[in-house]
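Undergrad: Take a look at this one; I'll ask things after.
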Amino acid sequence: MRFTYTLIALGLGFCFIGLLFAPTAPAFIEREYTIREVLDACTNIVFGEVKSVDQKRLRGVVTVKKDVKGKSELKEIKMNFATGHYKRGTSPEKMVRLLKAGMPIIVFYREHYGIDSMCFIDDTWFQMRAYRGGYSGAWWTFTHIDPMMSRTFDGKTKAFQAIVLDMLAGKMWVDAPKDAVKVLVLTGNSTDTTWSQSPVYTNTATYEYMALRAVKKVGERAVAHESTREQALPQLEKADILWIGYEEISSYGHYLLSSEVEKKIKAFVKKGGIVVVTGQDSSAEKPCGIGWLQGKLKGVESPPVQHFAVTEKGTSLFSTPNKIASGKILVDDAWVDWHRRDEIFATTENTQELVVGARRYGKGLYIITSLRNDSQYTTSLNKALMENIIHYAVSQLK
């Protein structure tokens with residue numbers, strides 16, 4: 001079984017779930033989606049079983065066994081495969097041959113003006129549609145098999161059902177390798193989601209998170225990511241690394257972390273966890289709060305800059321695994337007044353404000369940056385350095 005959540009660049013035609021389900025000309029999914037994106041964007045998920053298949057008439061009937069998300073009120077789903085397209089390995093005949101009576105099936109769908117769905121049977125994703133008033137008894141229409149969705153999950157239906165149930169129950173790092181480095185990413189809470197941390201279609205994946213997910217391995221260790229918008233940081237105790245995303249500490253002068261969360265973060269680091277902090281937002285009147293950090297530091301309002309100077313201590317961080325040259329990243333509101341025992345890896349050239357630095361506390365470590373990851377473009381500039389930071393963080397785990 002191959003199992004991945006990885007996200008890559010966009011290029012969507014006829015997609016599924018929410019805005020992904022836009023009723024435009026049929027095409028194939030062109031980027032990988034996380035399973036959580038699929039779950040979050042569905043109004044309904046049902047587990048079922050193939051009741052019958054008519055290969056001559058290109059039809060099948062599914063018995064609905066369980067409402068997993070939402071209340072479908074469906075007892076069966078009638079599927080008309082004759083409406084499907086012939087393109088890139090998909091056809092109604094091929095689809096019907098894959099169906100066998102008794103097979104388990106998962107139907108993910110969004111109900112709006114009608115129903116748009118993505119269905120899964122062993123190793124195969126396929127798309128169905130039904131119009132308003134037509135899903136209570138009429139035939140759902142088949143569009144195509146989508147082989148690109150195998151990047152989201154590729155395996156047996158029963159195994160996938162177990163993963164779906166675990167995720168809906170709130171479990172994180174489901175099916176991650178036992179020795180994987182677990183990274184929890186706090187992201188998506190900016191006060192202006194159209195400018196800062198622009199969500200990608202499902203409103204559950206930010207560009208910053210997408211960039212982080214591209215780091216799947218450090219050395220011989222797998223890296224498993226989970227994102228959350230919950231500032232209470234659920235299951236932080238199970239993580240090895242906490243990545244606090246762009247403007248998740250403060251945004252537009254508003255400090256976003258409660259005293260309880262501040263204590264939770266400090267305790268996490270003291271016990272050996274590593275916290276990575278990306279860009280914050282400060283004003284002259286309101287420097288970014290530092291209750292999450294052991295010791296003193298001051299956030300300042302400063303203009304965006306791309307040029308920086310690497311210290312001797314920062315040589316490795318700015319060269320492994322990617323060589324990062326001055327002028328190739330973007331930083332914004334930065335930090336000053338750090339402690340003399342802090343490890344400074346890079347500062348801005350003219351103002352000597354912090355670009356990347358580290359502070360040790362207890363058995364753990366804070367890695368503090370001033371990266372501006374507020375859009376697809378700016379995150380793409382910082383992506384290589386973000387990968388280097390993850391590599392460095394993993395190397396520092398006890």
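Each chain in the structure tokens gets a letter, A, B, ..., in the order shown, and its residues are numbered from 1; ligands are numbered from 1 in order too.
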Quick one: residues within 8 Å of region 168-185 of chain A, only C-alpha atoms counted, chain neighbours fewer than 2 positions away excluded, as number ranges by chain?
TA: A: 39, 163-166, 187, 209, 221-228, 235-236, 238-245, 394
Undergrad: Which neighbours of Cys42 (chain A) fall inside 9 Å, counting only C-alpha atoms, when residues of the same chain fewer than 3 positions from it are skipped, and could you give them as an MDAnalysis selection string?
TA: chainID A and resid 17:18 37:39 45 69:70 108:111 117
Undergrad: Give me the residues within 12 Å of Asp54 (chain A) as a list of chain:residue names, counting only C-alpha atoms and dropping any in the same chain fewer than 2 places off.
TA: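 These residues fall inside the cut-off: A:Val50, A:Lys51, A:Ser52, A:Lys56, A:Arg57, A:Leu58, A:Arg59, A:Gly60, A:Val61, A:Lys78, A:Met79, A:Asn80, A:Phe81, A:Ala82, A:Pro92, A:Glu93, A:Met95, A:Val96, A:Arg97, A:Leu98, A:Leu99, A:Lys100, A:Ala101.
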Undergrad: From the DSSP assignment of the backbone, select every residue of region 162-269 of chain A that is strand (DSSP E), and format the answer as a list in words.
TA: Val181, Lys182, Val183, Leu184, Val185, Leu186, Lys217, Val218, Arg221, Ala222, Val223, Ala224, His225, Glu226, Ser227, Thr228, Ile241, Leu242, Trp243, Ile244, Ser250, Ser251, His254 and Tyr255 of chain A
Undergrad: Output the selection as a PDB file, in the first residue's frame - C-alpha atoms for each residue.
TA:
```pdb
ATOM      1  CA  VAL A 181       9.276  12.621  12.750  1.00  0.00           C
ATOM      2  CA  LYS A 182       5.865  14.080  13.570  1.00  0.00           C
ATOM      3  CA  VAL A 183       5.395  17.728  12.617  1.00  0.00           C
ATOM      4  CA  LEU A 184       2.335  19.667  13.776  1.00  0.00           C
ATOM      5  CA  VAL A 185       1.715  22.843  11.750  1.00  0.00           C
ATOM      6  CA  LEU A 186      -0.426  25.649  13.176  1.00  0.00           C
ATOM      7  CA  LYS A 217      12.167  12.509   4.394  1.00  0.00           C
ATOM      8  CA  VAL A 218      15.237  13.757   6.257  1.00  0.00           C
ATOM      9  CA  ARG A 221      13.730   9.241   8.678  1.00  0.00           C
ATOM     10  CA  ALA A 222      10.266   9.786   7.258  1.00  0.00           C
ATOM     11  CA  VAL A 223       8.578  13.085   8.097  1.00  0.00           C
ATOM     12  CA  ALA A 224       4.819  13.060   8.765  1.00  0.00           C
ATOM     13  CA  HIS A 225       2.934  16.363   8.774  1.00  0.00           C
ATOM     14  CA  GLU A 226      -0.425  17.360  10.203  1.00  0.00           C
ATOM     15  CA  SER A 227      -1.986  20.818  10.116  1.00  0.00           C
ATOM     16  CA  THR A 228      -4.417  22.431  12.527  1.00  0.00           C
ATOM     17  CA  ILE A 241       8.215  19.502  15.996  1.00  0.00           C
ATOM     18  CA  LEU A 242       5.682  22.327  16.195  1.00  0.00           C
ATOM     19  CA  TRP A 243       5.733  24.704  13.223  1.00  0.00           C
ATOM     20  CA  ILE A 244       3.920  27.940  14.062  1.00  0.00           C
ATOM     21  CA  SER A 250       0.135  37.916  15.874  1.00  0.00           C
ATOM     22  CA  SER A 251      -1.585  39.455  12.876  1.00  0.00           C
ATOM     23  CA  HIS A 254      -3.597  41.354  17.313  1.00  0.00           C
ATOM     24  CA  TYR A 255      -1.865  38.807  19.541  1.00  0.00           C
TER      25      TYR A 255
END
```
Undergrad: What does the distance from CA of Thr141 (chain A) to CA of Met167 (chain A) come to in Å, to one decimal?
TA: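 Between CA of Thr141 (chain A) and CA of Met167 (chain A) the gap works out to 28.9 Å.
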Undergrad: Quick one: of A:Ala205, A:Val62, A:Val53, A:Ile368, who's nearest to Trp140 (chain A), counting only C-alpha atoms?
TA: A:Val62
Undergrad: How many Å lie between CA of Gln306 (chain A) and CA of Gly253 (chain A), rounded to one decimal?
TA: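 Going from CA of Gln306 (chain A) over to CA of Gly253 (chain A) covers 23.0 Å.
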Undergrad: Could you pull the residues within 9 Å of Trp335 (chain A), counting only C-alpha atoms, minus those fewer than 5 positions along the same chain, as a list in words?
TA: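 So, after excluding close chain neighbours, the residues are Leu297, Lys298, Gly299, Val300, Glu301, Glu353, Leu354, Val355, Ile368, Thr369 and Ser370 of chain A.
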Undergrad: Emit the selected residues as an mmCIF file, in the first residue's frame, including C-alpha atoms.
TA:
```
data_model
loop_
_atom_site.group_PDB
_atom_site.id
_atom_site.type_symbol
_atom_site.label_atom_id
_atom_site.label_comp_id
_atom_site.auth_asym_id
_atom_site.auth_seq_id
_atom_site.Cartn_x
_atom_site.Cartn_y
_atom_site.Cartn_z
ATOM 1 C CA LEU A 297 12.990 39.031 22.419
ATOM 2 C CA LYS A 298 11.379 41.995 20.667
ATOM 3 C CA GLY A 299 9.347 41.997 17.489
ATOM 4 C CA VAL A 300 9.663 45.114 15.358
ATOM 5 C CA GLU A 301 7.878 46.551 12.355
ATOM 6 C CA GLU A 353 17.580 42.184 12.562
ATOM 7 C CA LEU A 354 17.063 38.464 13.037
ATOM 8 C CA VAL A 355 16.407 36.359 9.924
ATOM 9 C CA ILE A 368 12.856 31.725 15.277
ATOM 10 C CA THR A 369 12.544 33.222 11.797
ATOM 11 C CA SER A 370 11.168 36.340 10.132
#
```
Undergrad: From a backbone DSSP assignment, name each residue in region 113-331 of chain A labelled alpha helix (DSSP H), as a PyMOL selection string.
TA: chain A and resi 157-168+207-213+259-270
Undergrad: How would the residues just picked look written out with N, CA and C atoms as an mmCIF file, in the first residue's frame?
TA:
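Below is the file out.cif, written as the result:
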```cif
data_model
loop_
_atom_site.group_PDB
_atom_site.id
_atom_site.type_symbol
_atom_site.label_atom_id
_atom_site.label_comp_id
_atom_site.auth_asym_id
_atom_site.auth_seq_id
_atom_site.Cartn_x
_atom_site.Cartn_y
_atom_site.Cartn_z
ATOM 1 N N THR A 157 -9.892 -0.875 0.085
ATOM 2 C CA THR A 157 -10.971 -0.039 0.604
ATOM 3 C C THR A 157 -11.130 -0.170 2.111
ATOM 4 N N LYS A 158 -11.062 -1.370 2.636
ATOM 5 C CA LYS A 158 -11.253 -1.551 4.079
ATOM 6 C C LYS A 158 -10.168 -0.830 4.872
ATOM 7 N N ALA A 159 -8.936 -0.857 4.366
ATOM 8 C CA ALA A 159 -7.857 -0.137 5.037
ATOM 9 C C ALA A 159 -8.118 1.372 4.992
ATOM 10 N N PHE A 160 -8.616 1.840 3.862
ATOM 11 C CA PHE A 160 -8.928 3.253 3.716
ATOM 12 C C PHE A 160 -10.089 3.650 4.634
ATOM 13 N N GLN A 161 -11.074 2.786 4.769
ATOM 14 C CA GLN A 161 -12.194 3.065 5.663
ATOM 15 C C GLN A 161 -11.711 3.259 7.103
ATOM 16 N N ALA A 162 -10.780 2.430 7.530
ATOM 17 C CA ALA A 162 -10.249 2.547 8.891
ATOM 18 C C ALA A 162 -9.523 3.880 9.080
ATOM 19 N N ILE A 163 -8.777 4.305 8.060
ATOM 20 C CA ILE A 163 -8.071 5.579 8.128
ATOM 21 C C ILE A 163 -9.062 6.737 8.187
ATOM 22 N N VAL A 164 -10.095 6.691 7.360
ATOM 23 C CA VAL A 164 -11.118 7.739 7.353
ATOM 24 C C VAL A 164 -11.775 7.866 8.723
ATOM 25 N N LEU A 165 -12.124 6.740 9.317
ATOM 26 C CA LEU A 165 -12.769 6.765 10.642
ATOM 27 C C LEU A 165 -11.836 7.343 11.697
ATOM 28 N N ASP A 166 -10.567 6.961 11.651
ATOM 29 C CA ASP A 166 -9.600 7.491 12.624
ATOM 30 C C ASP A 166 -9.441 9.002 12.476
ATOM 31 N N MET A 167 -9.363 9.456 11.244
ATOM 32 C CA MET A 167 -9.193 10.896 11.016
ATOM 33 C C MET A 167 -10.425 11.674 11.455
ATOM 34 N N LEU A 168 -11.597 11.168 11.150
ATOM 35 C CA LEU A 168 -12.824 11.838 11.564
ATOM 36 C C LEU A 168 -12.961 11.851 13.083
ATOM 37 N N TYR A 207 -0.549 27.649 1.553
ATOM 38 C CA TYR A 207 0.643 27.453 0.736
ATOM 39 C C TYR A 207 1.851 27.101 1.599
ATOM 40 N N GLU A 208 1.901 27.660 2.801
ATOM 41 C CA GLU A 208 3.004 27.341 3.709
ATOM 42 C C GLU A 208 2.980 25.863 4.068
ATOM 43 N N TYR A 209 1.793 25.344 4.369
ATOM 44 C CA TYR A 209 1.671 23.932 4.702
ATOM 45 C C TYR A 209 2.002 23.057 3.498
ATOM 46 N N MET A 210 1.567 23.482 2.319
ATOM 47 C CA MET A 210 1.881 22.731 1.113
ATOM 48 C C MET A 210 3.386 22.613 0.917
ATOM 49 N N ALA A 211 4.089 23.720 1.159
ATOM 50 C CA ALA A 211 5.548 23.709 0.990
ATOM 51 C C ALA A 211 6.213 22.776 2.001
ATOM 52 N N LEU A 212 5.736 22.791 3.231
ATOM 53 C CA LEU A 212 6.306 21.924 4.255
ATOM 54 C C LEU A 212 6.074 20.455 3.935
ATOM 55 N N ARG A 213 4.904 20.128 3.411
ATOM 56 C CA ARG A 213 4.574 18.743 3.139
ATOM 57 C C ARG A 213 5.457 18.131 2.066
ATOM 58 N N SER A 259 -2.838 32.487 27.272
ATOM 59 C CA SER A 259 -1.821 32.153 28.279
ATOM 60 C C SER A 259 -1.695 30.646 28.435
ATOM 61 N N GLU A 260 -2.806 29.914 28.267
ATOM 62 C CA GLU A 260 -2.768 28.449 28.382
ATOM 63 C C GLU A 260 -1.923 27.847 27.260
ATOM 64 N N VAL A 261 -2.084 28.385 26.052
ATOM 65 C CA VAL A 261 -1.302 27.885 24.920
ATOM 66 C C VAL A 261 0.168 28.255 25.087
ATOM 67 N N GLU A 262 0.440 29.445 25.592
ATOM 68 C CA GLU A 262 1.821 29.841 25.851
ATOM 69 C C GLU A 262 2.511 28.848 26.788
ATOM 70 N N LYS A 263 1.827 28.481 27.860
ATOM 71 C CA LYS A 263 2.385 27.509 28.812
ATOM 72 C C LYS A 263 2.589 26.144 28.150
ATOM 73 N N LYS A 264 1.643 25.781 27.284
ATOM 74 C CA LYS A 264 1.726 24.488 26.602
ATOM 75 C C LYS A 264 2.943 24.439 25.678
ATOM 76 N N ILE A 265 3.193 25.524 24.984
ATOM 77 C CA ILE A 265 4.339 25.583 24.075
ATOM 78 C C ILE A 265 5.648 25.529 24.859
ATOM 79 N N LYS A 266 5.739 26.284 25.944
ATOM 80 C CA LYS A 266 6.956 26.273 26.765
ATOM 81 C C LYS A 266 7.227 24.881 27.338
ATOM 82 N N ALA A 267 6.168 24.233 27.813
ATOM 83 C CA ALA A 267 6.331 22.891 28.383
ATOM 84 C C ALA A 267 6.789 21.907 27.312
ATOM 85 N N PHE A 268 6.272 22.060 26.096
ATOM 86 C CA PHE A 268 6.651 21.203 24.972
ATOM 87 C C PHE A 268 8.139 21.322 24.690
ATOM 88 N N VAL A 269 8.653 22.546 24.660
ATOM 89 C CA VAL A 269 10.072 22.761 24.394
ATOM 90 C C VAL A 269 10.918 22.252 25.555
ATOM 91 N N LYS A 270 10.504 22.541 26.751
ATOM 92 C CA LYS A 270 11.278 22.143 27.927
ATOM 93 C C LYS A 270 11.486 20.633 27.980
#
```
Undergrad: Compile the contact shell of Gly295 (chain A) as a list in words: residues with an atom at most 9 Å away, counting only C-alpha atoms, same-chain residues fewer than 2 positions apart removed.
TA: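 Here the answer would be Ile290, Gly291, Leu293, Leu297, Trp338 and His339 of chain A.
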Undergrad: Mind checking which residues fall within 8 Å of region 382-388 of chain A, counting only C-alpha atoms, ignoring those fewer than 4 positions away in the same chain, and posting them as a PyMOL selection string?
TA: chain A and resi 211-212+215+317-322+324+328-330+371-373+378+392
Undergrad: Give me a file of those residues, with C-alpha atoms, as a PDB file, in the first residue's frame.
TA:
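Produced file selection_16.pdb, reproduced below:
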```pdb
ATOM      1  CA  ALA A 211       5.548  23.709   0.990  1.00  0.00           C
ATOM      2  CA  LEU A 212       6.306  21.924   4.255  1.00  0.00           C
ATOM      3  CA  VAL A 215       9.648  17.469   2.836  1.00  0.00           C
ATOM      4  CA  LEU A 317      21.670  25.758   7.875  1.00  0.00           C
ATOM      5  CA  PHE A 318      21.914  27.871   4.728  1.00  0.00           C
ATOM      6  CA  SER A 319      23.610  25.129   2.699  1.00  0.00           C
ATOM      7  CA  THR A 320      21.918  21.837   3.721  1.00  0.00           C
ATOM      8  CA  PRO A 321      20.242  20.457   1.723  1.00  0.00           C
ATOM      9  CA  ASN A 322      19.777  23.660  -0.336  1.00  0.00           C
ATOM     10  CA  ILE A 324      20.367  29.691  -0.047  1.00  0.00           C
ATOM     11  CA  LYS A 328      16.575  34.718  -2.748  1.00  0.00           C
ATOM     12  CA  ILE A 329      14.214  34.773   0.250  1.00  0.00           C
ATOM     13  CA  LEU A 330      11.735  37.282   1.676  1.00  0.00           C
ATOM     14  CA  LEU A 371       9.979  34.628   6.955  1.00  0.00           C
ATOM     15  CA  ARG A 372       7.084  36.193   5.128  1.00  0.00           C
ATOM     16  CA  ASN A 373       4.905  33.332   3.836  1.00  0.00           C
ATOM     17  CA  THR A 378       6.368  34.596  -1.251  1.00  0.00           C
ATOM     18  CA  TYR A 392      18.108  21.268  10.929  1.00  0.00           C
TER      19      TYR A 392
END
```
Undergrad: Using only C-alpha atoms, which residues sit within 9 Å of Arg359 (chain A) once same-chain residues fewer than 3 positions away are excluded, as a list in words?
TA: Gln294, His339, Arg341, Asp342, Glu343, Ile344, Gly364, Leu365, Tyr366, Ile367 and Ile368 of chain A
Undergrad: Would you output that residue set with N, CA and C atoms, as a CSV table (one decimal), in the first residue's frame?
TA:
```csv
chain,number,residue,atom,x,y,z
A,294,GLN,N,10.6,31.3,26.1
A,294,GLN,CA,11.3,31.5,27.4
A,294,GLN,C,12.4,32.5,27.2
A,339,HIS,N,19.1,37.3,23.2
A,339,HIS,CA,20.0,37.1,24.3
A,339,HIS,C,21.4,36.7,23.7
A,341,ARG,N,23.3,34.4,24.5
A,341,ARG,CA,23.5,33.0,24.4
A,341,ARG,C,22.7,32.4,23.2
A,342,ASP,N,21.9,33.2,22.6
A,342,ASP,CA,21.1,32.7,21.4
A,342,ASP,C,22.1,32.4,20.2
A,343,GLU,N,21.7,31.4,19.4
A,343,GLU,CA,22.5,31.1,18.2
A,343,GLU,C,21.9,31.9,17.1
A,344,ILE,N,22.7,32.8,16.5
A,344,ILE,CA,22.2,33.6,15.4
A,344,ILE,C,22.8,33.0,14.1
A,364,GLY,N,14.8,21.1,24.8
A,364,GLY,CA,14.3,21.4,23.5
A,364,GLY,C,14.9,22.7,22.9
A,365,LEU,N,14.3,23.2,21.9
A,365,LEU,CA,14.8,24.3,21.1
A,365,LEU,C,13.7,25.1,20.4
A,366,TYR,N,13.9,26.4,20.4
A,366,TYR,CA,13.1,27.3,19.6
A,366,TYR,C,14.0,27.7,18.3
A,367,ILE,N,13.4,27.6,17.2
A,367,ILE,CA,14.0,28.2,15.9
A,367,ILE,C,13.1,29.3,15.5
A,368,ILE,N,13.7,30.5,15.5
A,368,ILE,CA,12.9,31.7,15.3
A,368,ILE,C,13.3,32.4,14.0
```
Undergrad: Please indicate the distance in Å from CA of Pro234 (chain A) to CA of Gly272 (chain A), rounded to one decimal place.
TA: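 Computed distance, CA of Pro234 (chain A) to CA of Gly272 (chain A), equals 17.7 Å.
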